[in-house]
$ cat protein13.cif   # mmCIF, C-alpha atoms
data_final
#
loop_
_atom_site.label_atom_id
_atom_site.label_comp_id
_atom_site.auth_asym_id
_atom_site.auth_seq_id
_atom_site.Cartn_x
_atom_site.Cartn_y
_atom_site.Cartn_z
CA MET A 1 -27.84 -15.53 29.18
CA ASN A 2 -24.83 -16.52 27.08
CA LYS A 3 -25.00 -20.30 26.67
CA PHE A 4 -21.33 -20.50 25.63
CA LYS A 5 -18.39 -20.78 28.01
CA HIS A 6 -17.02 -17.30 27.24
CA LYS A 7 -18.51 -13.93 28.18
CA PHE A 8 -19.03 -13.23 24.48
CA ASP A 9 -18.59 -15.77 21.71
CA CYS A 10 -20.12 -15.23 18.30
CA SER A 11 -19.38 -15.99 14.64
CA ILE A 12 -20.28 -13.18 12.25
CA PHE A 13 -21.56 -13.96 8.74
CA PHE A 14 -22.67 -11.95 5.73
CA LEU A 15 -25.13 -12.89 2.99
CA ASP A 16 -23.74 -12.80 -0.53
CA ASP A 17 -25.74 -12.10 -3.70
CA GLN A 18 -26.73 -15.80 -3.87
CA LYS A 19 -28.04 -15.66 -0.29
CA ASN A 20 -25.18 -17.85 0.92
CA ARG A 21 -24.22 -17.22 4.54
CA ARG A 22 -20.44 -16.66 4.47
CA PHE A 23 -18.11 -16.58 7.48
CA LEU A 24 -16.58 -13.17 8.16
CA PHE A 25 -14.93 -13.63 11.56
CA ARG A 26 -15.45 -14.99 15.05
CA LEU A 27 -15.09 -12.80 18.14
CA THR A 28 -14.54 -14.28 21.60
CA ASN A 29 -14.13 -12.55 24.95
CA TYR A 30 -12.16 -15.22 26.75
CA GLY A 31 -11.05 -13.22 29.80
CA LYS A 32 -12.14 -14.17 33.31
CA GLU A 33 -11.16 -11.32 35.63
CA THR A 34 -10.52 -8.95 32.71
CA ASP A 35 -11.84 -8.51 29.17
CA GLU A 36 -9.65 -10.16 26.54
CA LEU A 37 -10.90 -10.13 22.93
CA LYS A 38 -9.81 -12.66 20.32
CA LEU A 39 -10.61 -12.44 16.60
CA PHE A 40 -10.48 -15.40 14.22
CA PHE A 41 -10.75 -14.43 10.54
CA PHE A 42 -10.61 -18.08 9.57
CA LEU A 43 -10.82 -21.26 11.61
CA PRO A 44 -8.27 -24.12 11.77
CA ASP A 45 -10.44 -26.60 9.85
CA MET A 46 -11.21 -24.23 6.96
CA ASP A 47 -8.12 -25.31 5.00
CA ILE A 48 -7.33 -21.76 3.82
CA GLY A 49 -3.98 -20.70 5.29
CA PHE A 50 -2.39 -17.28 5.67
CA ASN A 51 0.64 -15.24 4.71
CA TYR A 52 1.82 -12.71 7.30
CA ASN A 53 3.73 -10.02 5.46
CA GLU A 54 5.42 -7.09 7.20
CA SER A 55 6.54 -5.43 3.97
CA VAL A 56 4.06 -3.35 2.02
CA ASP A 57 4.83 -4.66 -1.45
CA THR A 58 7.40 -7.49 -1.25
CA PHE A 59 7.30 -11.17 -0.39
CA THR A 60 10.43 -11.95 1.66
CA GLU A 61 11.95 -14.91 3.48
CA SER A 62 10.88 -13.38 6.80
CA ASP A 63 7.17 -13.74 5.96
CA LEU A 64 5.15 -16.27 7.94
CA ILE A 65 3.03 -18.88 6.18
CA GLY A 66 0.70 -21.24 7.99
CA GLN A 67 -2.79 -22.64 8.46
CA TYR A 68 -3.96 -20.67 11.48
CA ALA A 69 -3.57 -17.27 13.14
CA GLU A 70 -5.51 -15.03 15.50
CA LEU A 71 -5.65 -11.39 16.54
CA THR A 72 -6.05 -10.40 20.21
CA TYR A 73 -6.99 -7.07 21.80
CA HIS A 74 -6.13 -7.24 25.51
CA HIS A 75 -7.53 -5.31 28.45
CA ASP A 76 -4.31 -3.25 28.70
CA GLY A 77 -4.49 -2.16 25.04
CA SER A 78 -2.04 -4.72 23.62
CA LEU A 79 -3.01 -5.64 20.04
CA LEU A 80 -1.18 -8.74 18.85
CA PHE A 81 -1.12 -11.20 15.98
CA LYS A 82 -0.57 -14.71 17.37
CA PHE A 83 0.61 -17.78 15.46
CA PRO A 84 0.03 -20.98 17.48
CA GLU A 85 1.76 -23.12 14.83
CA HIS A 86 5.00 -21.13 14.97
CA ILE A 87 6.89 -21.86 18.19
CA LYS A 88 9.73 -19.64 19.42
CA ASN A 89 11.51 -20.24 22.74
CA GLY A 90 8.86 -22.81 23.59
CA LYS A 91 5.93 -20.40 23.12
CA PRO A 92 3.67 -19.55 20.18
CA LEU A 93 5.05 -16.67 18.14
CA GLN A 94 3.34 -13.31 18.48
CA LYS A 95 3.87 -9.98 16.73
CA ASN A 96 2.89 -6.46 17.67
CA PRO A 97 2.45 -4.54 14.38
CA ALA A 98 3.03 -1.21 16.18
CA GLY A 99 6.27 -2.39 17.80
CA MET A 100 7.16 -4.36 20.90
CA GLY A 101 5.57 -2.93 24.04
CA THR A 102 3.35 -0.47 22.17
CA ARG A 103 -0.24 -0.39 23.39
CA ARG A 104 -3.49 1.09 22.23
CA THR A 105 -6.34 2.37 24.41
CA PRO A 106 -7.13 -0.11 27.22
CA LEU A 107 -10.56 -1.65 26.76
CA SER A 108 -11.88 -0.13 29.99
CA GLU A 109 -10.84 3.36 28.82
CA LEU A 110 -12.44 3.31 25.38
CA ARG A 111 -14.82 6.21 24.87
CA ASP A 112 -15.29 7.38 21.29
CA TRP A 113 -15.21 4.85 18.43
CA GLU A 114 -11.69 3.60 17.75
CA SER A 115 -11.02 1.80 14.49
CA PHE A 116 -8.42 -0.94 14.83
CA VAL A 117 -8.81 -3.40 11.92
CA ARG A 118 -9.49 -3.02 8.21
CA TYR A 119 -10.61 -6.32 6.63
CA THR A 120 -10.80 -6.29 2.82
CA ILE A 121 -12.70 -9.14 1.20
CA VAL A 122 -11.52 -9.85 -2.34
CA ASP A 123 -12.07 -13.60 -2.59
CA TYR A 124 -15.54 -14.59 -1.38
CA SER A 125 -14.66 -18.28 -1.59
CA SER A 126 -12.26 -17.81 1.34
CA CYS A 127 -15.24 -16.76 3.46
CA LYS A 128 -16.46 -20.29 3.87
CA ILE A 129 -20.03 -21.50 4.06
CA ILE A 130 -19.96 -23.41 7.34
CA GLU A 131 -22.35 -24.54 10.04
CA THR A 132 -22.09 -23.14 13.56
CA ASP A 133 -24.60 -22.52 16.32
CA ASN A 134 -23.28 -19.27 17.79
CA LEU A 135 -23.85 -17.14 14.70
CA MET A 136 -24.96 -13.63 13.84
CA THR A 137 -25.72 -12.61 10.26
CA ILE A 138 -25.25 -9.10 8.89
CA PHE A 139 -28.26 -7.88 6.96
CA ARG A 140 -28.20 -8.71 3.29
CA ASN A 141 -27.00 -5.85 1.09
CA GLY A 142 -26.81 -6.54 -2.64
CA VAL A 143 -24.79 -3.38 -3.29
CA ILE A 144 -21.96 -4.12 -0.86
CA PHE A 145 -21.99 -7.94 -0.80
CA GLY A 146 -22.82 -8.43 -4.46
CA GLY A 147 -19.66 -10.35 -5.42
CA ASP A 148 -17.22 -7.46 -5.81
CA PRO A 149 -14.58 -6.59 -3.18
CA PHE A 150 -15.68 -4.78 -0.04
CA VAL A 151 -14.08 -3.46 3.13
CA CYS A 152 -15.21 -4.15 6.68
CA ASN A 153 -13.72 -1.75 9.25
CA LEU A 154 -13.93 -2.80 12.91
CA TYR A 155 -14.46 -0.20 15.63
CA LEU A 156 -14.62 -0.56 19.40
CA GLY A 157 -16.28 2.05 21.57
CA HIS A 158 -18.30 2.76 24.68
CA MET A 159 -21.86 1.48 24.58
CA ALA A 160 -23.21 4.97 25.32
CA TYR A 161 -21.99 6.36 21.99
CA ALA A 162 -24.37 6.61 19.06
CA ASN A 163 -23.50 5.03 15.72
CA PRO A 164 -21.31 7.14 13.43
CA PRO A 165 -23.35 8.96 10.76
CA ASN A 166 -24.01 6.84 7.70
CA SER A 167 -26.14 8.06 4.81
CA GLN A 168 -24.40 6.55 1.79
CA PRO A 169 -26.11 3.69 -0.12
CA THR A 170 -22.72 2.04 -0.68
CA GLU A 171 -22.00 1.88 3.07
CA MET A 172 -23.58 -0.05 5.94
CA ILE A 173 -23.12 0.03 9.70
CA TYR A 174 -23.84 -3.02 11.85
CA ARG A 175 -23.52 -2.82 15.63
CA ILE A 176 -22.83 -5.72 18.00
CA ASN A 177 -23.53 -5.05 21.66
CA ASP A 178 -21.72 -6.11 24.83
CA VAL A 179 -18.56 -7.64 23.40
CA ALA A 180 -16.83 -6.45 26.59
CA SER A 181 -17.86 -4.54 29.71
CA ASN A 182 -19.65 -1.38 28.44
CA ILE A 183 -18.05 -1.94 25.01
CA ASP A 184 -19.78 -2.44 21.65
CA LEU A 185 -18.31 -3.37 18.27
CA ILE A 186 -19.22 -1.62 15.03
CA LEU A 187 -18.71 -3.07 11.55
CA TRP A 188 -18.57 -0.38 8.89
CA SER A 189 -18.75 -2.07 5.48
CA TYR A 190 -18.42 -0.41 2.09
CA LYS A 191 -17.51 -1.19 -1.50
CA THR A 192 -13.96 -0.78 -2.75
CA ASP A 193 -12.15 -0.70 -6.10
CA TYR A 194 -9.29 -2.71 -4.61
CA GLN A 195 -8.64 -5.87 -6.66
CA GLY A 196 -5.55 -7.23 -4.89
CA LYS A 197 -2.07 -6.06 -4.03
CA LEU A 198 0.85 -6.01 -6.48
CA MET A 199 3.72 -7.77 -4.71
CA ARG A 200 7.36 -8.21 -5.72
CA VAL A 201 8.87 -11.61 -5.02
CA GLY A 202 12.11 -11.12 -3.09
CA GLU A 203 14.81 -9.25 -5.01
CA SER A 204 13.57 -10.46 -8.37
CA ASP A 205 11.67 -8.52 -11.03
CA LEU A 206 8.71 -10.88 -10.69
CA VAL A 207 5.56 -9.01 -9.67
CA ILE A 208 2.27 -10.78 -9.00
CA ARG A 209 -1.18 -9.62 -7.96
CA ALA A 210 -2.13 -11.21 -4.64
CA ARG A 211 -5.91 -11.51 -4.43
CA ASN A 212 -5.92 -12.75 -0.86
CA ASN A 213 -8.33 -11.23 1.61
CA LEU A 214 -6.40 -8.56 3.48
CA ILE A 215 -6.26 -7.91 7.24
CA GLU A 216 -4.61 -4.62 8.22
CA ILE A 217 -4.10 -2.98 11.60
CA ILE A 218 -5.28 0.64 11.60
CA GLU A 219 -2.92 2.95 13.42
CA LYS A 220 -4.32 4.57 16.54
CA LYS A 221 -5.00 8.27 16.12
CA GLN A 222 -2.79 10.38 18.37
#

$ encode --input "protein13.cif" --output "structure tokens"
Amino acid sequence: MNKFKHKFDCSIFFLDDQKNRRFLFRLTNYGKETDELKLFFFLPDMDIGFNYNESVDTFTESDLIGQYAELTYHHDGSLLFKFPEHIKNGKPLQKNPAGMGTRRTPLSELRDWESFVRYTIVDYSSCKIIETDNLMTIFRNGVIFGGDPFVCNLYLGHMAYANPPNSQPTEMIYRINDVASNIDLILWSYKTDYQGKLMRVGESDLVIRARNNLIEIIEKKQ
């Protein structure tokens, strides 16, 4: 029995090459009558902050900067970034990366594995070493979590589906059961040569390499 107040509520950690347990994300199913999934890639008290950037390679005045954000996948397929600190018309600001009103597959209709988030870890120090009681730790893997950047792709799919094939030593699949009704979550982690994104600052010629950890929405396959 889940001892927490939500149907599913778990913080996911990975073990680095020093055997430190580092926070990757927290997933909560906070729905009552329906399944509603919420992802936290950092928590409010971690003192990290975020930059939400809609442009591929430019910092602009329209970017959002703050201390806290979350990503929600709703029962009807809505996938939204939410910014509780940024208030617009009396409500927290939210953005749909695919465009207003656009939805993905509803949670109850998921069948095959659908990838929806690519999380690239460049800076391990941003994955804090914290204490929490509702935790799950990915198996230690010195190849993938050895200090160099790695990618963690998140997939949702029906519990009846087998894991995707994985036979590469530089890749690892970790499955989390029952995150929603008949729905499991798969983490597909692998090494990457990515070292940060080159970003232009406004209209200037100044270009910097941003080594922030990167959260990207993966477009739904048509």

$ atom_distance --input "protein13.cif" --atom1 "atom CA of Asn51 of chain A" --atom2 "atom CA of Asn153 of chain A"
20.2 Å

$ resolve_selection --input "protein13.cif" --expression "the PyMOL selection byres ((chain A and resi 81) around 9)" --output "NGL selection string"
:A and (69-72 or 79-80 or 82-83 or 93-97)

$ atom_distance --input "protein13.cif" --atom1 "atom CA of Val122 of chain A" --atom2 "atom CA of Arg211 of chain A"
6.2 Å

$ atom_distance --input "protein13.cif" --atom1 "atom CA of Glu114 of chain A" --atom2 "atom CA of Leu27 of chain A"
16.8 Å

$ closest_residue --input "protein13.cif" --among "A:Tyr52, A:Tyr73, A:Tyr161, A:Phe25" --to "Arg104 of chain A" --atoms "only C-alpha atoms"
A:Tyr73

$ closest_residue --input "protein13.cif" --among "A:Lys191, A:Lys91, A:Lys32, A:Lys220" --to "Tyr119 of chain A" --atoms "all atoms listed in the file"
A:Lys191

$ resolve_selection --input "protein13.cif" --expression "the PyMOL selection byres ((chain A and resi 136) around 6)" --output "VMD selection string"
chain A and resid 12 135 137

$ write_last_selection --input "protein13.cif" --atoms "C-alpha atoms" --output "short mmCIF file (atom, residue, chain, number, x, y, z; two decimals), in the frame of the given file"
data_model
loop_
_atom_site.label_atom_id
_atom_site.label_comp_id
_atom_site.auth_asym_id
_atom_site.auth_seq_id
_atom_site.Cartn_x
_atom_site.Cartn_y
_atom_site.Cartn_z
CA ILE A 12 -20.28 -13.18 12.25
CA LEU A 135 -23.85 -17.14 14.70
CA THR A 137 -25.72 -12.61 10.26
#

$ closest_residue --input "protein13.cif" --among "A:Ser189, A:Asn177, A:Ser108, A:Asn166" --to "Phe14 of chain A" --atoms "all atoms listed in the file"
A:Ser189

$ closest_residue --input "protein13.cif" --among "A:Arg140, A:Lys197, A:Lys128, A:Lys38" --to "Arg26 of chain A" --atoms "only C-alpha atoms"
A:Lys38

$ residues_around --input "protein13.cif" --residues "Asp35 of chain A" --least-positions-apart "4" --cutoff "9 Å" --atoms "all atoms listed in the file" --output "MDAnalysis selection string"
chainID A and resid 7 29:31 73:75 107:108 179:181

$ axis_aligned_box --input "protein13.cif" --around "segment 159-174 of chain A" --padding-each-side "3 Å" --output "JSON"
{"center_x": -23.7, "center_y": 3.0, "center_z": 12.3, "size_x": 10.8, "size_y": 18.0, "size_z": 32.0}

$ resolve_selection --input "protein13.cif" --expression "the PyMOL selection byres ((chain A and resi 65) around 8)" --output "list in words"
Gly49, Phe50, Asn51, Tyr52, Asp63, Leu64, Gly66 and Gln67 of chain A

$ write_last_selection --input "protein13.cif" --atoms "C-alpha atoms" --output "mmCIF file, keeping the file's coordinate frame"
data_model
loop_
_atom_site.group_PDB
_atom_site.id
_atom_site.type_symbol
_atom_site.label_atom_id
_atom_site.label_comp_id
_atom_site.auth_asym_id
_atom_site.auth_seq_id
_atom_site.Cartn_x
_atom_site.Cartn_y
_atom_site.Cartn_z
ATOM 1 C CA GLY A 49 -3.980 -20.700 5.290
ATOM 2 C CA PHE A 50 -2.390 -17.280 5.670
ATOM 3 C CA ASN A 51 0.640 -15.240 4.710
ATOM 4 C CA TYR A 52 1.820 -12.710 7.300
ATOM 5 C CA ASP A 63 7.170 -13.740 5.960
ATOM 6 C CA LEU A 64 5.150 -16.270 7.940
ATOM 7 C CA GLY A 66 0.700 -21.240 7.990
ATOM 8 C CA GLN A 67 -2.790 -22.640 8.460
#

$ closest_residue --input "protein13.cif" --among "A:Arg209, A:Leu37, A:Ile138, A:Gln195" --to "Ile176 of chain A" --atoms "only C-alpha atoms"
A:Ile138

$ residues_around --input "protein13.cif" --residues "Ile48 of chain A" --least-positions-apart "3" --cutoff "9 Å" --atoms "all atoms listed in the file" --output "list in words"
Phe42, Leu43, Pro44, Asp45, Gln67, Tyr68 and Ser126 of chain A

$ write_last_selection --input "protein13.cif" --atoms "C-alpha atoms" --output "mmCIF file, in the frame of the given file"
data_model
loop_
_atom_site.group_PDB
_atom_site.id
_atom_site.type_symbol
_atom_site.label_atom_id
_atom_site.label_comp_id
_atom_site.auth_asym_id
_atom_site.auth_seq_id
_atom_site.Cartn_x
_atom_site.Cartn_y
_atom_site.Cartn_z
ATOM 1 C CA PHE A 42 -10.610 -18.080 9.570
ATOM 2 C CA LEU A 43 -10.820 -21.260 11.610
ATOM 3 C CA PRO A 44 -8.270 -24.120 11.770
ATOM 4 C CA ASP A 45 -10.440 -26.600 9.850
ATOM 5 C CA GLN A 67 -2.790 -22.640 8.460
ATOM 6 C CA TYR A 68 -3.960 -20.670 11.480
ATOM 7 C CA SER A 126 -12.260 -17.810 1.340
#

$ closest_residue --input "protein13.cif" --among "A:Asp47, A:Glu109, A:Glu171, A:Asp17" --to "Leu156 of chain A" --atoms "all atoms listed in the file"
A:Glu109

$ residues_near_point --input "protein13.cif" --point "(-25.5, -5.5, -1.6)" --cutoff "9 Å" --atoms "all atoms listed in the file" --output "mmCIF file with C-alpha atoms, keeping the file's coordinate frame"
data_model
loop_
_atom_site.group_PDB
_atom_site.id
_atom_site.type_symbol
_atom_site.label_atom_id
_atom_site.label_comp_id
_atom_site.auth_asym_id
_atom_site.auth_seq_id
_atom_site.Cartn_x
_atom_site.Cartn_y
_atom_site.Cartn_z
ATOM 1 C CA LEU A 15 -25.130 -12.890 2.990
ATOM 2 C CA ASP A 16 -23.740 -12.800 -0.530
ATOM 3 C CA ASP A 17 -25.740 -12.100 -3.700
ATOM 4 C CA ARG A 140 -28.200 -8.710 3.290
ATOM 5 C CA ASN A 141 -27.000 -5.850 1.090
ATOM 6 C CA GLY A 142 -26.810 -6.540 -2.640
ATOM 7 C CA VAL A 143 -24.790 -3.380 -3.290
ATOM 8 C CA ILE A 144 -21.960 -4.120 -0.860
ATOM 9 C CA PHE A 145 -21.990 -7.940 -0.800
ATOM 10 C CA GLY A 146 -22.820 -8.430 -4.460
ATOM 11 C CA GLY A 147 -19.660 -10.350 -5.420
ATOM 12 C CA THR A 170 -22.720 2.040 -0.680
#

$ residues_around --input "protein13.cif" --residues "Ile173 of chain A" --least-positions-apart "5" --cutoff "10 Å" --atoms "all atoms listed in the file" --output "list in words"
Ile138, Phe139, Cys152, Asn153, Asn163, Pro164, Pro165, Asn166, Ser167, Ile186, Leu187, Trp188, Ser189 and Tyr190 of chain A

$ build_atoms --input "protein13.cif" --residues "segment 87-102 of chain A" --atoms "N, CA and C atoms" --output "PDB file, in the coordinates of the input"
ATOM      1  N   ILE A  87       6.393 -21.842  16.817  1.00  0.00           N
ATOM      2  CA  ILE A  87       6.890 -21.860  18.190  1.00  0.00           C
ATOM      3  C   ILE A  87       8.285 -21.217  18.251  1.00  0.00           C
ATOM      4  N   LYS A  88       8.443 -20.281  19.196  1.00  0.00           N
ATOM      5  CA  LYS A  88       9.730 -19.640  19.420  1.00  0.00           C
ATOM      6  C   LYS A  88       9.999 -19.599  20.919  1.00  0.00           C
ATOM      7  N   ASN A  89      11.154 -20.144  21.319  1.00  0.00           N
ATOM      8  CA  ASN A  89      11.510 -20.240  22.740  1.00  0.00           C
ATOM      9  C   ASN A  89      10.427 -20.971  23.545  1.00  0.00           C
ATOM     10  N   GLY A  90       9.842 -21.984  22.903  1.00  0.00           N
ATOM     11  CA  GLY A  90       8.860 -22.810  23.590  1.00  0.00           C
ATOM     12  C   GLY A  90       7.468 -22.231  23.665  1.00  0.00           C
ATOM     13  N   LYS A  91       7.243 -21.037  23.061  1.00  0.00           N
ATOM     14  CA  LYS A  91       5.930 -20.400  23.120  1.00  0.00           C
ATOM     15  C   LYS A  91       5.479 -20.032  21.702  1.00  0.00           C
ATOM     16  N   PRO A  92       4.163 -19.980  21.489  1.00  0.00           N
ATOM     17  CA  PRO A  92       3.670 -19.550  20.180  1.00  0.00           C
ATOM     18  C   PRO A  92       4.171 -18.141  19.840  1.00  0.00           C
ATOM     19  N   LEU A  93       4.526 -17.952  18.594  1.00  0.00           N
ATOM     20  CA  LEU A  93       5.050 -16.670  18.140  1.00  0.00           C
ATOM     21  C   LEU A  93       3.950 -15.624  18.141  1.00  0.00           C
ATOM     22  N   GLN A  94       4.283 -14.415  18.551  1.00  0.00           N
ATOM     23  CA  GLN A  94       3.340 -13.310  18.480  1.00  0.00           C
ATOM     24  C   GLN A  94       4.055 -12.061  17.983  1.00  0.00           C
ATOM     25  N   LYS A  95       3.303 -11.199  17.299  1.00  0.00           N
ATOM     26  CA  LYS A  95       3.870  -9.980  16.730  1.00  0.00           C
ATOM     27  C   LYS A  95       2.967  -8.798  17.046  1.00  0.00           C
ATOM     28  N   ASN A  96       3.582  -7.713  17.444  1.00  0.00           N
ATOM     29  CA  ASN A  96       2.890  -6.460  17.670  1.00  0.00           C
ATOM     30  C   ASN A  96       3.173  -5.554  16.478  1.00  0.00           C
ATOM     31  N   PRO A  97       2.197  -5.331  15.591  1.00  0.00           N
ATOM     32  CA  PRO A  97       2.450  -4.540  14.380  1.00  0.00           C
ATOM     33  C   PRO A  97       2.942  -3.128  14.665  1.00  0.00           C
ATOM     34  N   ALA A  98       2.615  -2.580  15.847  1.00  0.00           N
ATOM     35  CA  ALA A  98       3.030  -1.210  16.180  1.00  0.00           C
ATOM     36  C   ALA A  98       4.390  -1.164  16.851  1.00  0.00           C
ATOM     37  N   GLY A  99       4.973  -2.339  17.131  1.00  0.00           N
ATOM     38  CA  GLY A  99       6.270  -2.390  17.800  1.00  0.00           C
ATOM     39  C   GLY A  99       6.151  -2.963  19.190  1.00  0.00           C
ATOM     40  N   MET A 100       7.177  -3.686  19.610  1.00  0.00           N
ATOM     41  CA  MET A 100       7.160  -4.360  20.900  1.00  0.00           C
ATOM     42  C   MET A 100       6.862  -3.379  22.033  1.00  0.00           C
ATOM     43  N   GLY A 101       5.903  -3.743  22.882  1.00  0.00           N
ATOM     44  CA  GLY A 101       5.570  -2.930  24.040  1.00  0.00           C
ATOM     45  C   GLY A 101       4.584  -1.809  23.769  1.00  0.00           C
ATOM     46  N   THR A 102       4.285  -1.545  22.511  1.00  0.00           N
ATOM     47  CA  THR A 102       3.350  -0.470  22.170  1.00  0.00           C
ATOM     48  C   THR A 102       1.920  -0.928  22.445  1.00  0.00           C
TER      49      THR A 102
END
